[in-house]
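Asks: My questions all concern the structure below.
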Amino acid sequence: MPAEQPTAAASELGNIYQRLYQTFGPQHWWPARTRLEVIIGAVLTQNTAWQNVEKAIANLKKSGLLNLNRLCSLPPHQLAALIRPAGYYNLKSRRLLALLHWLKKNGGISKISTLPTAQLRENLLNCYGIGPETADSILLYALDRPVFVVDAYTRRILSRYGLITGDESYEQLRLLIENSLAPFLSDKQEPAVRVYNEFHALLVKLAKTHCRSKPSCSGCPLDSR
DNA sequence: GTCCAGGGTTCGT
DNA sequence: ACGAACCATGGA
């Protein structure tokens, strides 16, 4: 393997983060109250608008089921009915139960929180229905681990600005962004968790604000240079 | 009526 | 190794 060279992307990502933050301000993700709620939301929001996820979580809350043991003792078809507004409800019911059973089997959220990040990531990826993005969302937003969450928006936006080719693997992109932000982190004395959290949310914000809702995509915060 | 959202798995080539 | 089909609701 050739050593990684500092690329144009690496030197510009910190800049992009600052521009987005100045334009949109803090996004305050993840919009959930408890760690269990974040974990459930991470599965429910797979390829699904967050608005629909909120309805599903509201159903669980209303039924007093936002509790690891109660959820684990629920028949799959019953959980499916409750999370129906989130779409793919049969599939997501199975995925949620697989994840929640893993959590329960390993002593609950507080217990697994003592594990090192690499081991947590591996365990999460071994759960049915948990891929890299969902695993990293849980690590970053529920367990406060310094892991950047790569999603489709990240690819689109970085490709759009010519910072990546677009055919990089998930891992390549995640490491590129984490390494690129490292100098910025030490300069600003900011915790990585906070910056990864905001940067991911800001990229989603940018994608939703421009280029889709506006036909001409005028006034993108990253355009003037 | 069409498109698509804060993905992942499975099954053909 | 890669692409396509599949899963499904709700809002624009």
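Chain labels run A, B, ... following the order of the structure tokens; each chain numbers its residues from 1, and ligands are numbered from 1 in the order shown.
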When you look at Leu100 in chain A with a cut-off of 12 Å (counting only C-alpha atoms (C1' of nucleotides)), what residues show up, excluding the ones that are within fewer than 6 positions of it in the same chain? I need them as a PDB file with C-alpha atoms, in the first residue's frame.
Replies:
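Saved result, out33.pdb, follows:
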```
ATOM      1  CA  LEU A  36     -32.134   3.729  23.536  1.00  0.00           C
ATOM      2  CA  GLU A  37     -34.240   6.131  21.504  1.00  0.00           C
ATOM      3  CA  ILE A  39     -30.418   3.442  18.753  1.00  0.00           C
ATOM      4  CA  ILE A  40     -33.980   2.655  17.706  1.00  0.00           C
ATOM      5  CA  VAL A  43     -32.509   1.547  12.490  1.00  0.00           C
ATOM      6  CA  LEU A  66     -39.431   2.439  25.090  1.00  0.00           C
ATOM      7  CA  ASN A  67     -37.733  -0.038  27.329  1.00  0.00           C
ATOM      8  CA  LEU A  68     -35.223  -2.703  26.394  1.00  0.00           C
ATOM      9  CA  ASN A  69     -36.842  -5.633  28.199  1.00  0.00           C
ATOM     10  CA  ARG A  70     -40.378  -4.841  27.071  1.00  0.00           C
ATOM     11  CA  LEU A  71     -39.327  -4.412  23.460  1.00  0.00           C
ATOM     12  CA  CYS A  72     -37.433  -7.687  23.556  1.00  0.00           C
ATOM     13  CA  SER A  73     -40.478  -9.600  24.749  1.00  0.00           C
ATOM     14  CA  LEU A  74     -42.658  -8.214  21.958  1.00  0.00           C
ATOM     15  CA  LYS A  92     -37.245  -3.209  10.505  1.00  0.00           C
ATOM     16  CA  SER A  93     -39.088  -5.136  13.194  1.00  0.00           C
ATOM     17  CA  ARG A  94     -36.700  -8.068  12.652  1.00  0.00           C
ATOM     18  CA  ASN A 106     -24.713  -8.120  26.630  1.00  0.00           C
ATOM     19  CA  GLY A 107     -26.063  -6.375  29.689  1.00  0.00           C
ATOM     20  CA  GLY A 108     -27.757  -3.299  28.248  1.00  0.00           C
ATOM     21  CA  ILE A 109     -26.528   0.074  27.055  1.00  0.00           C
ATOM     22  CA  LEU A 124     -22.791  -3.920  15.832  1.00  0.00           C
ATOM     23  CA  CYS A 127     -26.095  -7.764  14.082  1.00  0.00           C
ATOM     24  CA  TYR A 128     -28.605  -8.515  11.343  1.00  0.00           C
ATOM     25  CA  GLY A 129     -29.609  -5.366   9.487  1.00  0.00           C
ATOM     26  CA  ILE A 130     -26.842  -3.167  10.862  1.00  0.00           C
TER      27      ILE A 130
END
```
Asks: Please return, as a ChimeraX atom specification, all residues of chain A lying within 9 Å of chain B when only C-alpha atoms (C1' of nucleotides) are considered.
Replies: /A:42-43,45-50,128-131,133-134,151-153,201,204
Asks: Using only C-alpha atoms (C1' of nucleotides), find which residues of chain A lie within 8 Å of chain C and jot them down as number ranges by chain.
Replies: A: 52, 84-89, 91
Asks: For the residues in that selection, give me C-alpha atoms as a compact mmCIF listing (two decimals), in the first residue's frame.
Replies:
```
# COMPACT_ATOMS: atom_id res chain seq x y z
CA ASN A 52 -41.88 9.11 9.57
CA ARG A 84 -45.58 0.94 10.63
CA PRO A 85 -45.27 4.67 9.79
CA ALA A 86 -41.50 4.27 9.41
CA GLY A 87 -41.95 1.99 6.39
CA TYR A 88 -40.38 -1.44 5.76
CA TYR A 89 -42.03 -2.36 9.03
CA LEU A 91 -38.02 -5.84 7.90
```
Asks: Could you tell me, as a ChimeraX atom specification, which residues of range 1-101 of chain A DSSP assigns to helix (DSSP H, G or I) when given the backbone?
Replies: /A:8-24,35-44,50-62,68-72,76-82,84-86,89-101
Asks: To one decimal in Å, tell me the separation between CA of Ala32 in chain A and CA of Ser113 in chain A.
Replies: 18.2 Å
Asks: Enter the distance from CA of Ser137 in chain A to CA of Val149 in chain A, in Å, rounded to one decimal.
Replies: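 CA of Val149 in chain A lies at a distance of 6.0 Å from CA of Ser137 in chain A.
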Asks: Contacts of range 170-187 of chain A at 9 Å or less, counting only C-alpha atoms (C1' of nucleotides), minus same-chain residues fewer than 3 places along, as a list of chain:residue names?
Replies: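 Final neighbour list, sorted by chain and number: A:Pro6, A:Thr7, A:Ala9, A:Ala10, A:Ser11, A:Glu12, A:Leu13, A:Gly14, A:Asn15, A:Tyr17, A:Pro132, A:Glu133, A:Pro146, A:Val147, A:Phe148, A:Val149, A:Val150, A:Asp151, A:Thr154, A:Arg155, A:Ile164, A:Glu190, A:Pro191, A:Ala192, A:Val195, A:Tyr196.
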Asks: Between CA of Asn59 in chain A and CA of Leu82 in chain A, what is the distance in Å, rounded to a tenth?
Replies: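 Computing it gives 5.9 Å between the two atoms.
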